[in-house]
Amino acid sequence: MTGGMVQTRATLVERRVIGAVHELRLHDPRLAARLGAGQAVLVRTGWGMIPYLRRSFYPIAIAADSWVLRLPPDGDLGHAWLRLAPEGSELDCLGPVGIGFRLPDGVRRVLALGEGEAAWTLLPVVVEADAFQLAVALAAEVITPRQAIPPARLPAAVEYRLTTVEGGRGRLDAFWAELLPWADVVVAAGSLAFYRRLAEAIREHRFVITRGFAQVLYPATFLCGTGACLACVADVAGGRRRVCLRGPVFDLTDVVSDR
Amino acid sequence: MTGGMVQTRATLVERRVIGAVHELRLHDPRLAARLGAGQAVLVRTGWGMIPYLRRSFYPIAIAADSWVLRLPPDGDLGHAWLRLAPEGSELDCLGPVGIGFRLPDGVRRVLALGEGEAAWTLLPVVVEADAFQLAVALAAEVITPRQAIPPARLPAAVEYRLTTVEGGRGRLDAFWAELLPWADVVVAAGSLAFYRRLAEAIREHRFVITRGFAQVLYPATFLCGTGACLACVADVAGGRRRVCLRGPVFDLTDVVSDR
Amino acid sequence: MPIELAPRNKRGLPLRSPVMAGSGAVGYGDCWPPGLDPRAFGAIVTAGVTMRPRSGREPPRLAELPLGFLLATGDHNPGYRRVVAQYAELWRRLGVPVILSLLGAEPGDRAWMATRLEEDDPGIAGIELPVPEDVNLGEASAFIAAVRRATTLPLLVRLPATRAAHLAETCVVAGADALVIGTPPPVVYPAPDGTPLEGPLAGPTALPFTLRGLRAVAALHLDVPLIASGGIQKAEDALLCLRWGAVAVQIRSLVWTDPAAAMHVAESVHAAFAADSPEG
Amino acid sequence: MPIELAPRNKRGLPLRSPVMAGSGAVGYGDCWPPGLDPRAFGAIVTAGVTMRPRSGREPPRLAELPLGFLLATGDHNPGYRRVVAQYAELWRRLGVPVILSLLGAEPGDRAWMATRLEEDDPGIAGIELPVPEDVNLGEASAFIAAVRRATTLPLLVRLPATRAAHLAETCVVAGADALVIGTPPPVVYPAPDGTPLEGPLAGPTALPFTLRGLRAVAALHLDVPLIASGGIQKAEDALLCLRWGAVAVQIRSLVWTDPAAAMHVAESVHAAFAADSPEG
Ligand SMILES: Cc1cc2nc3c(=O)[nH]c(=O)nc-3n(C[C@H](O)[C@H](O)[C@H](O)COP(=O)(O)OP(=O)(O)OC[C@H]3O[C@@H](n4cnc5c(N)ncnc54)[C@H](O)[C@@H]3O)c2cc1C
Ligand SMILES: Cc1cc2nc3c(=O)[nH]c(=O)nc-3n(C[C@H](O)[C@H](O)[C@H](O)COP(=O)(O)OP(=O)(O)OC[C@H]3O[C@@H](n4cnc5c(N)ncnc54)[C@H](O)[C@@H]3O)c2cc1C
Ligand SMILES: Cc1cc2nc3c(=O)[nH]c(=O)nc-3n(C[C@H](O)[C@H](O)[C@H](O)COP(=O)(O)O)c2cc1C
Ligand SMILES: Cc1cc2nc3c(=O)[nH]c(=O)nc-3n(C[C@H](O)[C@H](O)[C@H](O)COP(=O)(O)O)c2cc1C
Ligand code: FES
Ligand code: FES
């Protein structure tokens, strides 16, 4: 169930450390009840007001009274603070932001396509589709094996294709011919370049990109989430739109200009 | 033993919480070996660079390889961070700063006089004088009983007078007549107003303030400790002096202008 | 006793509370973060409007600074006609005075919009006019006087914080009913992708500039109300500004970075103000 | 290949490393925090000297700001004669070029000191001349030209960061060998006891002003070396300035707030510079 934004104090109840990655589970019933797959949560991090801007997270798991954020290794000061926050810490959260993934009525076969770290943001929609007993395939293209979602993290019925692209690019291309004609709907998370490749592949294997066929998560970092700051704008859907209101999930046809 | 300044990484090895007060013991052999009673240590606190300026502490205990700082209740952000720092934290320290208390040769009877929280900064010189088997009396004037040094914290041989001044002022005045003629040397820590009262009392009970009779700790807060910033200047010793180089301990005659 | 922002103006501009939501905080009154009640504010100032639509700067637009940020939107806005058509009704029912911020590319733009406002009458209580960073006294005087002639609405003139004292008197003579101090000075910083961005300093680090401008203008005793804006993040910041000569303050980015804190500032400063005021 | 700060000056001012200790960092070369080696720097700039002794501002002088501070010393210094008498010997044996910062109350003061320096010859490698915040082009030109006539020493002119682009060309024409960008803009903030203090912004929050001034002056292509100063706290800050048009940088408060970090910046930026340079 989703609804308007709320500001909450979430409690850090569990930290999973997997190599250099941290996954934090936040007990946050009010926000969890509103949060949908592909929506963002804005988390205040740090000490005093440093860093000043909230960090945006696309949760990798959503439960009835909690949600999970993932911290890949990076140099961000806000993330560094989250890595050190002790269990029991209270985090100030604002969300959910924007419009997430939607599984339209009548859809039977869901194809989730992820690139690199962003693939993790597909987990909630994959889990949701599986719970609706839809046929789900997840195909992900990662740079290093460390970014990959371990198969054990997926529902048993989900079909999983994984390619590792050290240095090169485009290995997922080998699966396009098999997967794209199969799917009723595509949900994707990655870079704009990834979406352009996806659009090309759809044109190749399905001839046309129908509106409603593919939903993509627009990569936006700092968000106010209210529409006030105009920092999140992107040239999508035929104009300069606020990603935090119109997105972050857009129809693929709105993100890649049709030729 | 004292010497030039060093920059160290001290380890927080023990936290004592006494009501709203925290006392932190820092394992810091290099600095502890140089630190004398009445000298300051500049501690970097906080996250990232907030707050930007180091906090100054006048240690309340100095051992061979560690020293102790005291955090009274207050609203300072740097102090708040120190209250939360977990045991095992490394703190960046700079010190010792300036010139501390000196117990001149031939002195037999040491009178330590403290006002409020500042009385705690006299503990190291009291302990040192006691270790030299000098006769030591400590007289302190506090606003609330919570600021008071508990008698158990003093060496057994130290004579202790304590007055509590809720609202009023000057209760220590009752002891001047007894204590001032007795002492060979006075070491004091408090406000400038307290030093002015002390000077008056000395004039009354010893007729003249001899240079060398009373040493007082000049209350300076933010310090660079190198002489570069000129933030610490005070009109003392006949001119505008840098407290971090000439002090923080001054002869009383340098601090209160003789009439 | 309400605060009067335009004592010399026939219409007046009374505020219930000294805390305003400044330009950029709540869009055109349509962007409210959760938990914020418009009526907690004395007034709101809209995001800036230009005569014609502007699509603004290409992304990236945001750089995070040490303890703050800079936002370079390039005056992105839907333009006067669309804003007035879209939001007039909202402004009438918001329950709080709405002050429209007018931006101009050409000298005549703002006067044109001010003239239109008299006709369109979209339910606003006043106009805020930001003075660009680099204008000289003559230019400032000319464009404020032109707007003054075009409208009887209360006119809040927003000064660049670092040049506030230099410009203040000229702006009052030209017709400002109140002065907003001010727009923090422009800075440059790399966006996450390395692009150099230029825009006014925003966030807590702007406060020392606001305080300097405020004290300098207060020392001129110009007999117009002063409104402090820029970097106000805490109730203490607001109360310091009120003590140092402001009759009201604007909070801006705090509204979206921490709505609960913004609400707390609005409520506690209002309470402190009401306690001080004889008629509650 | 050393960095040349005064290519148009017969004496020249070559630096071994692009990281300087700026004015205020190490007093007159006598205030060294632990662990800092003078020879790790390309040069040091002294605290400012006036013709006559100045006892400066009464305490309090320091206000801590959100992520920074302001220091209002009121040009407290022992005066030209005493500084030169006391430190000339130190300057000769420090092993690093010393640049003397000249402050002036009266227009003629700095020229008088520059003249005396030619006679006294206290072993300095150059002069840094801070341009006050509020001078106009004529005033800036006049006092720089007066110093230029009085001395053949390399002349570094330090510009207010927010007005750097406006003043730069005039200063070069008047005789600056290099431009320092710059002095961060003045701010006001209460000291711990509530006293309002005014002084230039200092600490990490000054960097965005330095970057703006630097880019604006670099865009003028004035053909003099540019030195970035103000808010430089990390090696990345320094390298960004070098990438955006500076040939050298000055670190200041970092020297005493975190001597180990200052040493790290000096060494790592020097190493990055040496690696880039063909002759190591
Ligand atoms: C600058 C601009 C001017 C336009 N002018 C017109 C016009 O005059 N007439 C017309 O029919 N169409 C105009 N458009 C076309 C417009 O893109 C769409 O028709 C319309 O915005 C769709 O509205 P929306 O609320 O669904 O989209 P949104 O995504 O909400 O908004 C579309 C664009 O308008 C801007 N915008 C909307 N509301 C605000 C606000 N409160 N504050 C700041 N910016 C806002 C957004 O930033 C976004 O870029 C304009 C678009 C832009 C960007
Ligand atoms: C501004 C000033 C000018 C003076 N001029 C003279 C003079 O011309 N001749 C004379 O005989 N006495 C002068 N004096 C008198 C002086 O106070 C003492 O005689 C002398 O400073 C004692 O030196 P010290 O090193 O023991 O004290 P310190 O405490 O080191 O210094 C005394 C004062 O001089 C200032 N000072 C010293 N070194 C520096 C420095 N490196 N950077 C900035 N300020 C510094 C300090 O801030 C302090 O206020 C002057 C004092 C001041 C404050
Ligand atoms: C929508 C929007 C419009 C803005 N318009 C202006 C403007 O017209 N003039 C200006 O100086 N700054 C403008 N800013 C930048 C603000 O200075 C800054 O983003 C912030 O709101 C200031 O917050 P602070 O007072 O908390 O520092 C705008 C910001 C936003 C979000
Ligand atoms: C001794 C001393 C002298 C200073 N003199 C000047 C000066 O002449 N002009 C000036 O703009 N700032 C002066 N300052 C203030 C500096 O801007 C500030 O203190 C700091 O050194 C700047 O450090 P940053 O570059 O890390 O921000 C002085 C500071 C000190 C410590
Ligand atoms: S994130 Fe602020 S408008 Fe979208
Ligand atoms: S604390 Fe900086 S000069 Fe004394």
# chains A, B, ... in the order shown; residues from 1 in each chain; ligands from 1
call {"tool": "residues_near_ligand", "arguments": {"ligand": "ligand 5", "cutoff": "6 Å", "atoms": "only C-alpha atoms and all ligand atoms", "output": "list in words"}}
result
Leu223, Cys224, Gly225, Thr226, Gly227, Ala228, Cys229, Leu230, Ala231, Cys232, Arg242, Val243 and Cys244 of chain A
call {"tool": "write_last_selection", "arguments": {"atoms": "N, CA and C atoms", "output": "tab-separated table (two decimals), in the first residue's frame"}}
result
chain	number	residue	atom	x	y	z
A	223	LEU	N	17.47	14.43	-3.67
A	223	LEU	CA	16.07	14.75	-3.89
A	223	LEU	C	15.51	15.51	-2.70
A	224	CYS	N	14.65	16.51	-2.97
A	224	CYS	CA	13.88	17.10	-1.87
A	224	CYS	C	12.57	16.34	-1.76
A	225	GLY	N	12.12	15.81	-2.87
A	225	GLY	CA	10.94	14.95	-2.86
A	225	GLY	C	9.62	15.70	-2.88
A	226	THR	N	9.65	17.04	-2.79
A	226	THR	CA	8.40	17.78	-2.71
A	226	THR	C	8.07	18.52	-4.00
A	227	GLY	N	9.02	18.62	-4.91
A	227	GLY	CA	8.80	19.39	-6.12
A	227	GLY	C	9.29	20.82	-6.02
A	228	ALA	N	9.84	21.19	-4.87
A	228	ALA	CA	10.21	22.60	-4.67
A	228	ALA	C	11.57	22.96	-5.23
A	229	CYS	N	12.52	22.02	-5.21
A	229	CYS	CA	13.91	22.45	-5.44
A	229	CYS	C	14.30	22.47	-6.91
A	230	LEU	N	13.58	21.75	-7.75
A	230	LEU	CA	13.88	21.71	-9.19
A	230	LEU	C	15.28	21.20	-9.49
A	231	ALA	N	15.87	20.48	-8.55
A	231	ALA	CA	17.21	19.94	-8.79
A	231	ALA	C	17.14	18.65	-9.58
A	232	CYS	N	16.01	17.96	-9.52
A	232	CYS	CA	15.91	16.61	-10.06
A	232	CYS	C	15.46	16.56	-11.50
A	242	ARG	N	10.06	17.15	-13.33
A	242	ARG	CA	10.61	16.84	-12.02
A	242	ARG	C	10.54	15.33	-11.78
A	243	VAL	N	11.71	14.73	-11.69
A	243	VAL	CA	11.80	13.28	-11.54
A	243	VAL	C	11.14	12.83	-10.24
A	244	CYS	N	11.19	13.66	-9.20
A	244	CYS	CA	10.65	13.25	-7.91
A	244	CYS	C	9.13	13.22	-7.90
call {"tool": "select_by_dssp", "arguments": {"residues": "stretch 33-82 of chain D", "states": "helix (DSSP H, G or I)", "output": "PyMOL selection string"}}
result
chain D and resi 38-40+80-82
call {"tool": "write_last_selection", "arguments": {"atoms": "C-alpha atoms", "output": "mmCIF file, in the first residue's frame"}}
result
data_model
loop_
_atom_site.group_PDB
_atom_site.id
_atom_site.type_symbol
_atom_site.label_atom_id
_atom_site.label_comp_id
_atom_site.auth_asym_id
_atom_site.auth_seq_id
_atom_site.Cartn_x
_atom_site.Cartn_y
_atom_site.Cartn_z
ATOM 1 C CA PRO D 38 58.826 24.400 6.766
ATOM 2 C CA ARG D 39 60.558 22.836 3.778
ATOM 3 C CA ALA D 40 57.419 20.870 2.945
ATOM 4 C CA TYR D 80 57.245 46.822 10.772
ATOM 5 C CA ARG D 81 60.421 47.712 12.697
ATOM 6 C CA ARG D 82 60.036 45.116 15.392
#
call {"tool": "interface_residues", "arguments": {"of": "chain C", "to": "chain D", "cutoff": "8 Å", "atoms": "only C-alpha atoms", "output": "number ranges by chain"}}
result
C: 65-67, 186-189, 198, 204-205, 208-209, 211-212
call {"tool": "write_last_selection", "arguments": {"atoms": "N, CA, C and O atoms", "output": "PDB file, in the first residue's frame"}}
result
ATOM      1  N   LEU C  65      27.749  21.288  -0.852  1.00  0.00           N
ATOM      2  CA  LEU C  65      28.923  22.005  -0.362  1.00  0.00           C
ATOM      3  C   LEU C  65      29.237  21.516   1.044  1.00  0.00           C
ATOM      4  O   LEU C  65      28.412  20.871   1.676  1.00  0.00           O
ATOM      5  N   PRO C  66      30.414  21.869   1.539  1.00  0.00           N
ATOM      6  CA  PRO C  66      30.661  21.623   2.954  1.00  0.00           C
ATOM      7  C   PRO C  66      29.546  22.308   3.760  1.00  0.00           C
ATOM      8  O   PRO C  66      29.444  23.533   3.733  1.00  0.00           O
ATOM      9  N   LEU C  67      28.686  21.531   4.399  1.00  0.00           N
ATOM     10  CA  LEU C  67      27.579  22.054   5.202  1.00  0.00           C
ATOM     11  C   LEU C  67      26.612  22.963   4.436  1.00  0.00           C
ATOM     12  O   LEU C  67      26.202  24.015   4.916  1.00  0.00           O
ATOM     13  N   PRO C 186      26.982  34.459  -4.390  1.00  0.00           N
ATOM     14  CA  PRO C 186      27.168  33.318  -5.290  1.00  0.00           C
ATOM     15  C   PRO C 186      28.503  32.623  -5.055  1.00  0.00           C
ATOM     16  O   PRO C 186      29.498  33.265  -4.717  1.00  0.00           O
ATOM     17  N   VAL C 187      28.475  31.319  -5.225  1.00  0.00           N
ATOM     18  CA  VAL C 187      29.689  30.496  -5.102  1.00  0.00           C
ATOM     19  C   VAL C 187      29.746  29.557  -6.300  1.00  0.00           C
ATOM     20  O   VAL C 187      28.779  29.421  -7.049  1.00  0.00           O
ATOM     21  N   VAL C 188      30.901  28.930  -6.453  1.00  0.00           N
ATOM     22  CA  VAL C 188      31.072  27.927  -7.509  1.00  0.00           C
ATOM     23  C   VAL C 188      31.578  26.645  -6.875  1.00  0.00           C
ATOM     24  O   VAL C 188      32.418  26.694  -5.955  1.00  0.00           O
ATOM     25  N   TYR C 189      31.055  25.524  -7.346  1.00  0.00           N
ATOM     26  CA  TYR C 189      31.502  24.236  -6.815  1.00  0.00           C
ATOM     27  C   TYR C 189      31.213  23.175  -7.866  1.00  0.00           C
ATOM     28  O   TYR C 189      30.280  23.319  -8.650  1.00  0.00           O
ATOM     29  N   GLU C 198      27.416  27.412 -10.661  1.00  0.00           N
ATOM     30  CA  GLU C 198      27.413  28.673  -9.932  1.00  0.00           C
ATOM     31  C   GLU C 198      26.006  28.968  -9.429  1.00  0.00           C
ATOM     32  O   GLU C 198      25.030  28.826 -10.162  1.00  0.00           O
ATOM     33  N   PRO C 204      23.074  26.143   6.149  1.00  0.00           N
ATOM     34  CA  PRO C 204      23.478  26.806   7.399  1.00  0.00           C
ATOM     35  C   PRO C 204      24.631  27.793   7.243  1.00  0.00           C
ATOM     36  O   PRO C 204      24.712  28.772   7.972  1.00  0.00           O
ATOM     37  N   THR C 205      25.513  27.573   6.275  1.00  0.00           N
ATOM     38  CA  THR C 205      26.674  28.449   6.136  1.00  0.00           C
ATOM     39  C   THR C 205      26.299  29.822   5.594  1.00  0.00           C
ATOM     40  O   THR C 205      27.129  30.723   5.565  1.00  0.00           O
ATOM     41  N   PRO C 208      25.901  33.511   8.508  1.00  0.00           N
ATOM     42  CA  PRO C 208      26.804  34.625   8.843  1.00  0.00           C
ATOM     43  C   PRO C 208      26.754  35.775   7.838  1.00  0.00           C
ATOM     44  O   PRO C 208      27.029  36.926   8.197  1.00  0.00           O
ATOM     45  N   PHE C 209      26.399  35.486   6.575  1.00  0.00           N
ATOM     46  CA  PHE C 209      26.241  36.558   5.591  1.00  0.00           C
ATOM     47  C   PHE C 209      24.952  37.332   5.847  1.00  0.00           C
ATOM     48  O   PHE C 209      24.920  38.555   5.735  1.00  0.00           O
ATOM     49  N   LEU C 211      23.522  37.676   8.726  1.00  0.00           N
ATOM     50  CA  LEU C 211      23.711  38.479   9.946  1.00  0.00           C
ATOM     51  C   LEU C 211      24.496  39.746   9.646  1.00  0.00           C
ATOM     52  O   LEU C 211      24.189  40.819  10.158  1.00  0.00           O
ATOM     53  N   ARG C 212      25.522  39.629   8.793  1.00  0.00           N
ATOM     54  CA  ARG C 212      26.308  40.813   8.478  1.00  0.00           C
ATOM     55  C   ARG C 212      25.455  41.841   7.747  1.00  0.00           C
ATOM     56  O   ARG C 212      25.453  43.030   8.078  1.00  0.00           O
TER      57      ARG C 212
END
call {"tool": "closest_atom_pairs", "arguments": {"of": "chain A", "to": "chain D", "cutoff": "12 Å", "atoms": "only C-alpha atoms", "output": "Markdown table"}}
result
| residue | atom | partner | partner_atom | distance |
| --- | --- | --- | --- | --- |
| A:Trp47 | CA | D:Leu67 | CA | 11.8 |
| A:Gly48 | CA | D:Pro66 | CA | 9.7 |
| A:Met49 | CA | D:Pro66 | CA | 8.9 |
| A:Ile50 | CA | D:Leu67 | CA | 8.8 |
| A:Pro51 | CA | D:Leu67 | CA | 10.9 |
| A:Tyr52 | CA | D:Pro66 | CA | 11.3 |
call {"tool": "write_last_selection", "arguments": {"atoms": "N, CA and C atoms", "output": "PDB file, in the first residue's frame"}}
result
ATOM      1  N   TRP A  47      26.387  13.824  11.377  1.00  0.00           N
ATOM      2  CA  TRP A  47      26.450  14.428  12.666  1.00  0.00           C
ATOM      3  C   TRP A  47      26.089  15.890  12.529  1.00  0.00           C
ATOM      4  N   GLY A  48      25.248  16.389  13.428  1.00  0.00           N
ATOM      5  CA  GLY A  48      24.832  17.773  13.282  1.00  0.00           C
ATOM      6  C   GLY A  48      24.210  17.891  11.912  1.00  0.00           C
ATOM      7  N   MET A  49      24.639  18.834  11.122  1.00  0.00           N
ATOM      8  CA  MET A  49      24.052  19.001   9.804  1.00  0.00           C
ATOM      9  C   MET A  49      25.013  18.635   8.685  1.00  0.00           C
ATOM     10  N   ILE A  50      26.006  17.811   8.995  1.00  0.00           N
ATOM     11  CA  ILE A  50      26.959  17.413   7.954  1.00  0.00           C
ATOM     12  C   ILE A  50      26.838  15.949   7.655  1.00  0.00           C
ATOM     13  N   PRO A  51      26.611  15.483   6.464  1.00  0.00           N
ATOM     14  CA  PRO A  51      26.275  16.309   5.304  1.00  0.00           C
ATOM     15  C   PRO A  51      24.889  16.920   5.432  1.00  0.00           C
ATOM     16  N   TYR A  52      24.658  18.032   4.736  1.00  0.00           N
ATOM     17  CA  TYR A  52      23.404  18.766   4.900  1.00  0.00           C
ATOM     18  C   TYR A  52      22.246  18.096   4.168  1.00  0.00           C
TER      19      TYR A  52
END
call {"tool": "residues_around", "arguments": {"residues": "A:Ala64", "least_positions_apart": "2", "cutoff": "12 Å", "atoms": "only C-alpha atoms", "output": "PyMOL selection string"}}
result
chain A and resi 1-2+26-36+61-62+66-68
call {"tool": "write_last_selection", "arguments": {"atoms": "C-alpha atoms", "output": "PDB file, in the first residue's frame"}}
result
ATOM      1  CA  MET A   1       0.000   0.000   0.000  1.00  0.00           C
ATOM      2  CA  THR A   2       1.322   3.415  -0.842  1.00  0.00           C
ATOM      3  CA  LEU A  26      15.040  -0.148   9.551  1.00  0.00           C
ATOM      4  CA  HIS A  27      12.040  -0.667  11.758  1.00  0.00           C
ATOM      5  CA  ASP A  28       9.699   1.961  10.377  1.00  0.00           C
ATOM      6  CA  PRO A  29       6.059   0.782  10.228  1.00  0.00           C
ATOM      7  CA  ARG A  30       4.538   4.073   9.057  1.00  0.00           C
ATOM      8  CA  LEU A  31       6.859   4.446   6.117  1.00  0.00           C
ATOM      9  CA  ALA A  32       6.999   0.722   5.292  1.00  0.00           C
ATOM     10  CA  ALA A  33       3.207   0.636   4.993  1.00  0.00           C
ATOM     11  CA  ARG A  34       3.294   3.317   2.299  1.00  0.00           C
ATOM     12  CA  LEU A  35       6.398   2.275   0.448  1.00  0.00           C
ATOM     13  CA  GLY A  36       6.217   0.634  -2.963  1.00  0.00           C
ATOM     14  CA  ALA A  61      13.371  -5.139   0.613  1.00  0.00           C
ATOM     15  CA  ILE A  62      10.059  -3.933   1.987  1.00  0.00           C
ATOM     16  CA  SER A  66      10.492  -2.433   8.085  1.00  0.00           C
ATOM     17  CA  TRP A  67      12.555  -1.852   4.988  1.00  0.00           C
ATOM     18  CA  VAL A  68      16.159  -2.453   4.013  1.00  0.00           C
TER      19      VAL A  68
END
call {"tool": "residues_around", "arguments": {"residues": "stretch 53-58 of chain A", "least_positions_apart": "4", "cutoff": "8 Å", "atoms": "only C-alpha atoms", "output": "ChimeraX atom specification"}}
result
/A:38-45,69-70,78,121,221-223 /C:64,68-69,257
call {"tool": "residues_near_ligand", "arguments": {"ligand": "ligand 3", "cutoff": "6 Å", "atoms": "only C-alpha atoms and all ligand atoms", "output": "PyMOL selection string"}}
result
(chain A and resi 228-230) or (chain C and resi 23-25+27+47-48+71+183+200+202-203+206+229-232+251-254)
call {"tool": "write_last_selection", "arguments": {"atoms": "C-alpha atoms", "output": "PDB file, in the first residue's frame"}}
result
ATOM      1  CA  ALA A 228      10.209  22.596  -4.668  1.00  0.00           C
ATOM      2  CA  CYS A 229      13.910  22.451  -5.440  1.00  0.00           C
ATOM      3  CA  LEU A 230      13.884  21.712  -9.187  1.00  0.00           C
TER       4      LEU A 230
ATOM      5  CA  SER C  23      11.153  31.767  -1.948  1.00  0.00           C
ATOM      6  CA  GLY C  24      12.087  28.243  -3.023  1.00  0.00           C
ATOM      7  CA  ALA C  25      10.675  26.594   0.094  1.00  0.00           C
ATOM      8  CA  GLY C  27       7.149  26.104  -4.824  1.00  0.00           C
ATOM      9  CA  ALA C  47       9.365  30.527  -6.271  1.00  0.00           C
ATOM     10  CA  GLY C  48      10.341  33.176  -8.798  1.00  0.00           C
ATOM     11  CA  LEU C  71      21.296  25.114  -6.631  1.00  0.00           C
ATOM     12  CA  THR C 183      20.285  36.631  -1.131  1.00  0.00           C
ATOM     13  CA  PRO C 200      23.896  31.405  -4.285  1.00  0.00           C
ATOM     14  CA  ALA C 202      22.466  27.837   0.605  1.00  0.00           C
ATOM     15  CA  GLY C 203      22.153  26.046   3.912  1.00  0.00           C
ATOM     16  CA  ALA C 206      24.644  31.306   4.664  1.00  0.00           C
ATOM     17  CA  SER C 229      16.562  35.336   5.023  1.00  0.00           C
ATOM     18  CA  GLY C 230      19.339  32.879   4.237  1.00  0.00           C
ATOM     19  CA  GLY C 231      20.672  30.036   6.321  1.00  0.00           C
ATOM     20  CA  ILE C 232      18.061  30.138   9.081  1.00  0.00           C
ATOM     21  CA  ILE C 251      13.177  29.809   6.256  1.00  0.00           C
ATOM     22  CA  ARG C 252      13.824  28.099   2.966  1.00  0.00           C
ATOM     23  CA  SER C 253      15.752  24.903   2.416  1.00  0.00           C
ATOM     24  CA  LEU C 254      15.013  23.688   5.959  1.00  0.00           C
TER      25      LEU C 254
END
call {"tool": "residues_around", "arguments": {"residues": "C:Met20", "least_positions_apart": "3", "cutoff": "12 Å", "atoms": "only C-alpha atoms", "output": "number ranges by chain"}}
result
C: 3, 5, 14-17, 23-26, 38-46, 96-99, 180, 227-230, 232, 238, 247-252, 254-255, 262-263, 265-267, 269-270
call {"tool": "residues_around", "arguments": {"residues": "stretch 184-188 of chain A", "least_positions_apart": "6", "cutoff": "6 Å", "atoms": "only C-alpha atoms", "output": "PyMOL selection string"}}
result
chain A and resi 107+109-114+213-216
call {"tool": "residues_near_ligand", "arguments": {"ligand": "ligand 2", "cutoff": "6 Å", "atoms": "only C-alpha atoms and all ligand atoms", "output": "list in words"}}
result
Gly239, Arg240, Arg241, Arg242 and Arg246 of chain B; Gly27, Tyr28, Pro53, Arg54, Ser55, His76, Asn77, Pro78 and Arg82 of chain D
call {"tool": "atom_distance", "arguments": {"atom1": "atom CA of C:Pro107", "atom2": "atom 34 (O, counted along the ligand's line) of ligand 1"}}
result
24.5 Å
call {"tool": "closest_residue", "arguments": {"among": "A:Glu128, A:Gly98, A:His205, A:Ala139", "to": "ligand 1", "atoms": "only C-alpha atoms and all ligand atoms"}}
result
A:Gly98
call {"tool": "atom_distance", "arguments": {"atom1": "atom CA of A:Thr8", "atom2": "atom CA of B:Ala85"}}
result
24.9 Å
call {"tool": "select_by_dssp", "arguments": {"residues": "stretch 3-68 of chain A", "states": "strand (DSSP E or B)", "output": "JSON, numbers by chain"}}
result
{"A": [6, 7, 8, 9, 10, 11, 12, 13, 14, 15, 16, 17, 18, 21, 22, 23, 24, 25, 26, 27, 40, 41, 42, 43, 47, 50, 55, 56, 57, 61, 62, 66, 67, 68]}
